[in-house]
file model_24.cif (mmCIF, C-alpha atoms (C1' of nucleotides))
data_run
#
loop_
_atom_site.label_atom_id
_atom_site.label_comp_id
_atom_site.auth_asym_id
_atom_site.auth_seq_id
_atom_site.Cartn_x
_atom_site.Cartn_y
_atom_site.Cartn_z
CA MET A 1 149.40 16.50 77.57
CA ARG A 2 148.07 15.08 80.78
CA ALA A 3 150.11 15.07 83.94
CA TRP A 4 149.90 11.31 84.29
CA ARG A 5 151.01 10.58 80.74
CA GLY A 6 153.52 7.78 80.73
CA ARG A 7 152.61 6.67 84.19
CA ARG A 8 151.17 3.26 84.66
CA GLN A 9 147.47 3.59 85.17
CA ARG A 10 144.81 1.35 86.46
CA PRO A 11 142.29 0.81 83.66
CA SER A 12 138.83 2.26 84.00
CA LEU A 13 136.04 -0.25 83.91
CA ARG A 14 134.92 1.15 80.57
CA SER A 15 138.35 0.95 79.01
CA LEU A 16 138.61 -2.64 80.18
CA TYR A 17 135.28 -3.33 78.50
CA HIS A 18 136.39 -1.75 75.23
CA HIS A 19 139.62 -3.70 75.28
CA LEU A 20 137.63 -6.88 75.66
CA VAL A 21 135.30 -5.97 72.82
CA ARG A 22 138.23 -5.30 70.53
CA ALA A 23 140.04 -8.45 71.57
CA LEU A 24 137.15 -10.90 71.43
CA GLY A 25 134.20 -9.36 69.61
CA PRO A 26 130.51 -9.96 70.33
CA GLN A 27 129.65 -13.04 72.39
CA HIS A 28 125.94 -13.47 71.62
CA TRP A 29 124.87 -14.55 75.10
CA TRP A 30 122.83 -16.33 76.37
CA PRO A 31 122.83 -19.31 73.98
CA ALA A 32 119.33 -20.76 74.54
CA LYS A 33 116.02 -21.10 72.76
CA SER A 34 113.80 -19.71 75.50
CA PRO A 35 113.96 -17.77 78.76
CA PHE A 36 113.10 -20.95 80.64
CA GLU A 37 116.04 -22.71 79.06
CA VAL A 38 118.25 -19.82 80.17
CA MET A 39 117.07 -20.28 83.73
CA VAL A 40 117.70 -24.02 83.63
CA GLY A 41 121.15 -23.37 82.20
CA ALA A 42 121.88 -20.81 84.90
CA ILE A 43 121.24 -23.45 87.54
CA LEU A 44 123.09 -26.25 85.78
CA THR A 45 126.20 -24.21 85.07
CA GLN A 46 126.99 -23.54 88.71
CA ASN A 47 130.69 -24.31 89.10
CA THR A 48 130.49 -26.43 85.97
CA ALA A 49 131.98 -26.24 82.48
CA TRP A 50 129.38 -25.09 79.96
CA VAL A 51 130.08 -27.97 77.59
CA ASN A 52 128.73 -30.35 80.23
CA VAL A 53 125.66 -28.19 80.68
CA GLU A 54 124.95 -28.34 76.96
CA ARG A 55 124.76 -32.12 77.14
CA ALA A 56 122.44 -32.04 80.09
CA ILE A 57 120.14 -29.55 78.38
CA ALA A 58 120.17 -31.59 75.17
CA GLN A 59 119.11 -34.65 77.14
CA LEU A 60 116.36 -32.75 78.91
CA GLU A 61 115.08 -31.53 75.58
CA ALA A 62 115.24 -34.98 73.98
CA ALA A 63 113.22 -36.32 76.91
CA HIS A 64 110.71 -33.44 76.62
CA ALA A 65 111.67 -32.42 80.12
CA LEU A 66 112.68 -28.84 79.42
CA SER A 67 109.62 -27.25 80.96
CA ALA A 68 108.44 -26.42 84.44
CA ARG A 69 105.58 -28.94 84.23
CA THR A 70 107.67 -31.92 83.32
CA LEU A 71 110.49 -30.99 85.64
CA ALA A 72 108.03 -30.64 88.48
CA ARG A 73 106.22 -33.91 87.77
CA ARG A 74 108.90 -36.41 86.82
CA PRO A 75 110.53 -38.46 89.53
CA SER A 76 113.74 -36.86 90.74
CA THR A 77 115.73 -39.93 89.74
CA ALA A 78 114.64 -39.40 86.14
CA ILE A 79 115.80 -35.79 86.22
CA GLN A 80 119.06 -36.87 87.82
CA ARG A 81 119.72 -39.29 85.00
CA LEU A 82 119.11 -36.65 82.34
CA ILE A 83 121.30 -33.95 83.86
CA ARG A 84 124.06 -36.23 85.05
CA PRO A 85 126.74 -34.79 82.71
CA SER A 86 126.45 -31.37 84.33
CA GLY A 87 127.68 -32.64 87.69
CA TYR A 88 126.21 -32.30 91.21
CA PHE A 89 123.27 -34.02 89.58
CA ARG A 90 121.41 -34.95 92.77
CA GLN A 91 121.51 -31.42 94.15
CA LYS A 92 120.74 -29.81 90.83
CA ALA A 93 117.79 -32.09 90.16
CA ALA A 94 116.31 -30.99 93.46
CA VAL A 95 117.03 -27.35 92.66
CA LEU A 96 115.40 -27.61 89.22
CA GLN A 97 112.33 -29.18 90.75
CA GLY A 98 112.12 -26.67 93.56
CA PHE A 99 112.48 -23.83 91.11
CA SER A 100 109.93 -25.33 88.71
CA ARG A 101 107.33 -25.87 91.42
CA TRP A 102 107.81 -22.33 92.65
CA HIS A 103 107.53 -21.02 89.09
CA LEU A 104 104.26 -22.90 88.59
CA LYS A 105 102.74 -21.96 91.90
CA ARG A 106 103.89 -18.35 92.07
CA TYR A 107 103.60 -17.41 88.38
CA GLN A 108 101.45 -20.16 86.89
CA GLY A 109 104.46 -21.21 84.88
CA SER A 110 104.48 -17.90 83.00
CA THR A 111 107.89 -16.35 82.43
CA ARG A 112 106.14 -13.16 81.34
CA ALA A 113 104.35 -12.92 84.64
CA MET A 114 107.54 -13.69 86.49
CA PHE A 115 109.51 -10.87 84.90
CA ARG A 116 106.64 -8.45 85.28
CA THR A 117 107.43 -8.26 88.97
CA PRO A 118 109.97 -5.59 89.95
CA ALA A 119 113.55 -6.81 89.63
CA ARG A 120 114.44 -6.07 93.23
CA ARG A 121 111.60 -8.13 94.59
CA LEU A 122 112.07 -10.91 92.08
CA ARG A 123 115.73 -11.15 93.03
CA GLN A 124 114.74 -11.60 96.66
CA GLU A 125 112.26 -14.28 95.73
CA LEU A 126 114.89 -16.14 93.72
CA LEU A 127 117.41 -15.89 96.54
CA GLY A 128 114.82 -17.49 98.78
CA LEU A 129 114.89 -20.66 96.70
CA LYS A 130 117.26 -23.43 97.70
CA GLY A 131 120.23 -23.64 95.37
CA ILE A 132 119.85 -20.18 93.88
CA GLY A 133 122.47 -17.70 95.06
CA PRO A 134 123.31 -14.19 93.89
CA GLU A 135 125.09 -15.13 90.67
CA THR A 136 122.37 -17.48 89.51
CA ALA A 137 119.65 -15.00 90.44
CA ASP A 138 121.37 -12.19 88.57
CA SER A 139 122.02 -14.41 85.54
CA ILE A 140 118.32 -15.19 85.44
CA LEU A 141 117.38 -11.53 85.79
CA LEU A 142 119.82 -10.36 83.12
CA TYR A 143 119.84 -13.13 80.55
CA ALA A 144 116.32 -14.51 80.86
CA GLY A 145 114.51 -11.37 81.97
CA ARG A 146 116.64 -8.65 80.38
CA ARG A 147 116.71 -6.71 83.60
CA PRO A 148 119.66 -4.32 84.08
CA THR A 149 121.75 -6.12 86.67
CA PHE A 150 125.42 -7.04 86.66
CA VAL A 151 126.52 -10.64 87.12
CA ILE A 152 129.60 -11.27 89.24
CA ASP A 153 131.40 -14.57 88.96
CA ALA A 154 134.79 -16.04 89.80
CA TYR A 155 136.31 -14.79 86.54
CA THR A 156 135.01 -11.29 87.09
CA ARG A 157 136.65 -11.17 90.50
CA ARG A 158 139.89 -12.67 89.29
CA ILE A 159 140.21 -10.39 86.26
CA PHE A 160 139.28 -7.25 88.18
CA GLN A 161 141.72 -8.22 90.88
CA ARG A 162 144.55 -8.77 88.45
CA HIS A 163 143.83 -5.38 86.93
CA HIS A 164 143.91 -3.82 90.38
CA LEU A 165 140.31 -2.70 90.20
CA ILE A 166 139.33 -4.52 93.39
CA SER A 167 141.01 -6.55 96.09
CA GLY A 168 138.96 -9.61 95.23
CA ARG A 169 137.78 -10.23 98.77
CA GLU A 170 134.74 -7.98 98.61
CA PRO A 171 131.38 -9.65 99.07
CA TYR A 172 129.22 -10.23 96.00
CA ASP A 173 126.91 -7.24 96.35
CA GLU A 174 129.79 -4.86 96.84
CA THR A 175 131.57 -6.02 93.70
CA GLN A 176 128.32 -5.69 91.80
CA ARG A 177 127.79 -2.18 93.16
CA PHE A 178 131.30 -1.28 92.02
CA CYS A 179 130.34 -2.17 88.46
CA LEU A 180 126.88 -0.64 88.44
CA ASP A 181 128.24 2.64 89.79
CA ARG A 182 130.74 2.93 86.95
CA LEU A 183 128.72 1.89 83.94
CA PRO A 184 125.69 3.30 82.15
CA ARG A 185 122.53 1.42 83.01
CA ARG A 186 122.15 -0.63 79.86
CA VAL A 187 121.09 -4.25 79.61
CA GLN A 188 123.07 -4.87 76.45
CA LEU A 189 126.24 -3.55 78.04
CA TYR A 190 125.84 -5.71 81.14
CA ASN A 191 125.02 -8.70 78.96
CA GLU A 192 128.10 -8.29 76.79
CA PHE A 193 130.50 -7.32 79.54
CA HIS A 194 129.86 -10.39 81.65
CA ALA A 195 129.99 -12.66 78.60
CA LEU A 196 133.34 -11.14 77.64
CA LEU A 197 134.75 -11.57 81.12
CA VAL A 198 133.84 -15.24 81.06
CA ALA A 199 135.21 -15.67 77.56
CA VAL A 200 138.56 -14.09 78.35
CA GLY A 201 138.62 -15.69 81.78
CA LYS A 202 138.23 -19.22 80.61
CA ARG A 203 140.87 -18.83 77.98
CA TYR A 204 143.49 -16.77 79.78
CA CYS A 205 142.74 -16.04 83.42
CA HIS A 206 143.03 -19.29 85.33
CA ARG A 207 143.75 -19.68 89.00
CA THR A 208 146.88 -21.62 88.13
CA ASP A 209 148.20 -19.05 85.66
CA PRO A 210 148.57 -15.91 87.76
CA ASP A 211 150.80 -14.38 85.10
CA CYS A 212 148.04 -14.47 82.48
CA ALA A 213 150.88 -15.18 80.07
CA SER A 214 148.97 -15.10 76.78
CA CYS A 215 146.12 -12.79 77.73
CA PRO A 216 145.32 -10.19 75.04
CA LEU A 217 144.97 -7.64 77.81
CA GLY A 218 148.61 -8.10 78.73
CA LYS A 219 150.49 -9.95 81.41
CA PHE A 220 149.85 -9.50 85.08
CA PRO A 221 150.36 -7.00 86.57
CA HIS A 222 148.47 -5.35 83.77
CA HIS A 223 149.16 -1.88 82.49
CA ILE A 224 146.42 -0.84 80.24
CA GLU A 225 147.22 2.65 79.09
CA VAL A 226 144.02 3.50 77.32
CA HIS A 227 141.69 5.81 79.15
CA ALA A 228 138.25 5.78 77.65
"C1'" DT B 1 147.54 -37.63 86.58
"C1'" DG B 2 145.64 -33.73 89.08
"C1'" DC B 3 143.33 -29.55 88.56
"C1'" DC B 4 139.63 -26.99 87.02
"C1'" DA B 5 134.86 -25.47 85.56
"C1'" DG B 6 129.91 -19.29 84.01
"C1'" DG B 7 128.30 -21.70 92.88
"C1'" DC B 8 125.75 -22.73 96.77
"C1'" DC B 9 124.66 -24.66 101.28
"C1'" DG B 10 125.25 -25.84 106.08
"C1'" DG B 11 127.96 -26.06 109.99
"C1'" DG B 12 131.55 -24.26 112.67
"C1'" DT B 13 134.34 -20.44 114.64
"C1'" DA C 1 131.07 -11.83 109.55
"C1'" DC C 2 134.18 -15.19 107.57
"C1'" DC C 3 135.96 -20.04 106.62
"C1'" DC C 4 135.48 -24.67 105.25
"C1'" DG C 5 134.05 -29.32 103.32
"C1'" DG C 6 130.87 -31.38 100.36
"C1'" DC C 7 128.71 -31.80 96.07
"C1'" DA C 8 130.18 -34.71 90.68
"C1'" DT C 9 130.97 -34.92 85.79
"C1'" DG C 10 134.05 -34.40 81.83
"C1'" DG C 11 138.23 -31.93 79.44
"C1'" DC C 12 142.85 -30.98 79.23
#

call {"tool": "encode", "arguments": {"input": "model_24.cif", "output": "structure tokens"}}
result
Amino acid sequence: MRAWRGRRQRPSLRSLYHHLVRALGPQHWWPAKSPFEVMVGAILTQNTAWVNVERAIAQLEAAHALSARTLARRPSTAIQRLIRPSGYFRQKAAVLQGFSRWHLKRYQGSTRAMFRTPARRLRQELLGLKGIGPETADSILLYAGRRPTFVIDAYTRRIFQRHHLISGREPYDETQRFCLDRLPRRVQLYNEFHALLVAVGKRYCHRTDPDCASCPLGKFPHHIEVHA
DNA sequence: TGCCAGGCCGGGT
DNA sequence: ACCCGGCATGGC
């Protein structure tokens, strides 16, 4: 019988993960046919609903523009037209082309070669590109390159905050460090955890529903009493 | 209808 | 080091 039995406890990161697994099951991320498509999706999904990104990617594919070569060569207005449904289409067209040209020049268009470089350095290179910030860079590293990094997004912050794990005002790298320090270093775990946070977030953890009324993890403030 | 979505940048304090 | 406005489409 532990001393804190019956007291309301803050969940551990692991127990939160296991709750999510039980509530939602495997997420099978990232839905894409190739690592390059993952990277394109990571750029297009910035602050955008995934359903809109799917349309944009489908149109790129139909136009045979889902490769670094074509993206780099086609006129930007053509790219803009194809990715229009994913929003911010002028900016994102420029980002896709900047990324594609870098990918061709720096790695000869080889994803293998790209992910052969050490993750730390590759992350810095990605962050140097216009339109690629920490979340996009980490999504690329984790979901396209299978490197062990943790992706932090708005849902992650909001859910962790509502479970009293963080204040929510920490900078990106600090929130990421919080996760990495508390979880075993496993790509599959990081993959699944982030996917689960997004899945539960988009269903139950909206900005406008601070009570998380129907969340399977319980209402806010949460009181998960399982200690894994 | 207004609010939100798997962010990021540039300028201002 | 923060804080903010801008970017844009489609779903509910």

call {"tool": "residues_around", "arguments": {"input": "model_24.cif", "residues": "Phe220 of chain A", "least_positions_apart": "6", "cutoff": "9 Å", "atoms": "all atoms listed in the file", "output": "PyMOL selection string"}}
result
chain A and resi 162-163+210-213

call {"tool": "resolve_selection", "arguments": {"input": "model_24.cif", "expression": "the PyMOL selection byres ((chain B) within 7 of (chain A))", "output": "VMD selection string"}}
result
chain B and resid 5 to 8

call {"tool": "resolve_selection", "arguments": {"input": "model_24.cif", "expression": "the PyMOL selection byres ((chain A) within 7 of (chain C))", "output": "list in words"}}
result
Asn52, Pro85, Ser86, Gly87 and Tyr88 of chain A

call {"tool": "axis_aligned_box", "arguments": {"input": "model_24.cif", "around": "segment 2-11 of chain C", "padding_each_side": "8 Å", "output": "lines of an AutoDock Vina configuration file"}}
result
center_x = 133.5
center_y = -25.1
center_z = 93.5
size_x = 25.5
size_y = 35.7
size_z = 44.1

call {"tool": "residues_around", "arguments": {"input": "model_24.cif", "residues": "segment 17-30 of chain A", "least_positions_apart": "6", "cutoff": "9 Å", "atoms": "all atoms listed in the file", "output": "PDB file with C-alpha atoms, keeping the file's coordinate frame"}}
result
ATOM      1  CA  VAL A  38     118.250 -19.820  80.170  1.00  0.00           C
ATOM      2  CA  TYR A 143     119.840 -13.130  80.550  1.00  0.00           C
ATOM      3  CA  ALA A 144     116.320 -14.510  80.860  1.00  0.00           C
ATOM      4  CA  ASN A 191     125.020  -8.700  78.960  1.00  0.00           C
ATOM      5  CA  GLU A 192     128.100  -8.290  76.790  1.00  0.00           C
ATOM      6  CA  PHE A 193     130.500  -7.320  79.540  1.00  0.00           C
ATOM      7  CA  ALA A 195     129.990 -12.660  78.600  1.00  0.00           C
ATOM      8  CA  LEU A 196     133.340 -11.140  77.640  1.00  0.00           C
ATOM      9  CA  LEU A 197     134.750 -11.570  81.120  1.00  0.00           C
ATOM     10  CA  ALA A 199     135.210 -15.670  77.560  1.00  0.00           C
ATOM     11  CA  VAL A 200     138.560 -14.090  78.350  1.00  0.00           C
ATOM     12  CA  PRO A 216     145.320 -10.190  75.040  1.00  0.00           C
ATOM     13  CA  LEU A 217     144.970  -7.640  77.810  1.00  0.00           C
ATOM     14  CA  ILE A 224     146.420  -0.840  80.240  1.00  0.00           C
ATOM     15  CA  VAL A 226     144.020   3.500  77.320  1.00  0.00           C
ATOM     16  CA  ALA A 228     138.250   5.780  77.650  1.00  0.00           C
TER      17      ALA A 228
END

call {"tool": "atom_distance", "arguments": {"input": "model_24.cif", "atom1": "atom CA of His64 of chain A", "atom2": "atom CA of Arg116 of chain A"}}
result
26.8 Å

call {"tool": "atom_distance", "arguments": {"input": "model_24.cif", "atom1": "atom CA of Glu37 of chain A", "atom2": "atom CA of Ser67 of chain A"}}
result
8.1 Å

call {"tool": "atom_distance", "arguments": {"input": "model_24.cif", "atom1": "atom CA of Gly128 of chain A", "atom2": "atom CA of Val40 of chain A"}}
result
16.7 Å

call {"tool": "decode", "arguments": {"input": "model_24.cif", "residues": "chain B", "atoms": "N, CA and C atoms (P, O5', C5', C4', C3', O3' and C1' of nucleotides)", "output": "compact mmCIF listing (two decimals), in the first residue's frame"}}
result
# COMPACT_ATOMS: atom_id res chain seq x y z
P DT B 1 -21.31 34.15 -43.56
O5' DT B 1 -22.16 33.63 -42.25
C5' DT B 1 -22.76 34.51 -41.30
C4' DT B 1 -22.32 34.08 -39.91
C3' DT B 1 -20.80 34.27 -39.72
O3' DT B 1 -20.55 35.32 -38.83
C1' DT B 1 -21.50 32.04 -39.06
P DG B 2 -19.16 36.08 -38.73
O5' DG B 2 -18.31 35.19 -37.69
C5' DG B 2 -18.81 35.00 -36.37
C4' DG B 2 -18.10 33.82 -35.73
C3' DG B 2 -16.60 34.04 -35.57
O3' DG B 2 -16.24 33.67 -34.25
C1' DG B 2 -17.03 32.03 -36.80
P DC B 3 -14.78 33.88 -33.68
O5' DC B 3 -14.23 32.37 -33.66
C5' DC B 3 -15.02 31.35 -33.05
C4' DC B 3 -14.36 30.02 -33.30
C3' DC B 3 -12.83 30.07 -33.19
O3' DC B 3 -12.40 28.95 -32.44
C1' DC B 3 -13.46 29.18 -35.29
P DC B 4 -10.92 28.94 -31.84
O5' DC B 4 -10.25 27.72 -32.62
C5' DC B 4 -10.90 26.46 -32.63
C4' DC B 4 -10.45 25.68 -33.84
C3' DC B 4 -8.93 25.62 -34.02
O3' DC B 4 -8.45 24.34 -33.63
C1' DC B 4 -10.12 25.90 -36.10
P DA B 5 -6.87 24.10 -33.57
O5' DA B 5 -6.63 23.27 -34.90
C5' DA B 5 -7.37 22.10 -35.12
C4' DA B 5 -7.16 21.61 -36.54
C3' DA B 5 -5.72 21.24 -36.87
O3' DA B 5 -5.76 20.14 -37.76
C1' DA B 5 -6.45 22.94 -38.33
P DG B 6 -5.21 18.71 -37.46
O5' DG B 6 -3.69 18.74 -36.94
C5' DG B 6 -2.96 19.90 -36.71
C4' DG B 6 -1.53 19.58 -36.34
C3' DG B 6 -0.55 20.11 -37.37
O3' DG B 6 0.56 20.69 -36.70
C1' DG B 6 -0.38 17.74 -37.25
P DG B 7 0.19 22.25 -36.36
O5' DG B 7 1.36 23.00 -37.16
C5' DG B 7 2.59 23.32 -36.48
C4' DG B 7 3.54 23.87 -37.52
C3' DG B 7 4.82 24.43 -36.94
O3' DG B 7 5.85 24.10 -37.87
C1' DG B 7 3.56 26.16 -37.96
P DC B 8 7.35 24.52 -37.51
O5' DC B 8 7.50 25.92 -38.25
C5' DC B 8 7.30 25.99 -39.66
C4' DC B 8 7.47 27.41 -40.14
C3' DC B 8 8.67 28.13 -39.51
O3' DC B 8 9.55 28.55 -40.53
C1' DC B 8 6.68 29.45 -39.43
P DC B 9 10.85 29.41 -40.18
O5' DC B 9 10.36 30.85 -40.61
C5' DC B 9 9.66 31.01 -41.83
C4' DC B 9 9.36 32.48 -42.06
C3' DC B 9 10.50 33.41 -41.66
O3' DC B 9 10.62 34.43 -42.63
C1' DC B 9 8.54 34.00 -40.49
P DG B 10 11.93 35.30 -42.75
O5' DG B 10 11.45 36.75 -42.32
C5' DG B 10 10.32 37.35 -42.96
C4' DG B 10 9.86 38.56 -42.18
C3' DG B 10 11.02 39.45 -41.70
O3' DG B 10 10.74 40.80 -42.05
C1' DG B 10 9.64 38.81 -39.86
P DG B 11 11.71 41.98 -41.76
O5' DG B 11 10.92 42.81 -40.66
C5' DG B 11 9.57 43.23 -40.88
C4' DG B 11 8.98 43.67 -39.55
C3' DG B 11 9.86 44.69 -38.81
O3' DG B 11 9.10 45.84 -38.50
C1' DG B 11 9.25 42.88 -37.39
P DG B 12 9.76 47.10 -37.89
O5' DG B 12 9.29 47.03 -36.37
C5' DG B 12 7.90 47.07 -36.05
C4' DG B 12 7.73 46.65 -34.61
C3' DG B 12 8.53 47.49 -33.62
O3' DG B 12 7.64 48.29 -32.84
C1' DG B 12 8.65 45.13 -33.17
P DT B 13 8.26 49.38 -31.81
O5' DT B 13 8.44 48.50 -30.51
C5' DT B 13 7.41 48.38 -29.57
C4' DT B 13 7.79 47.34 -28.51
C3' DT B 13 8.71 47.90 -27.45
O3' DT B 13 7.98 48.02 -26.23
C1' DT B 13 9.35 45.69 -28.12
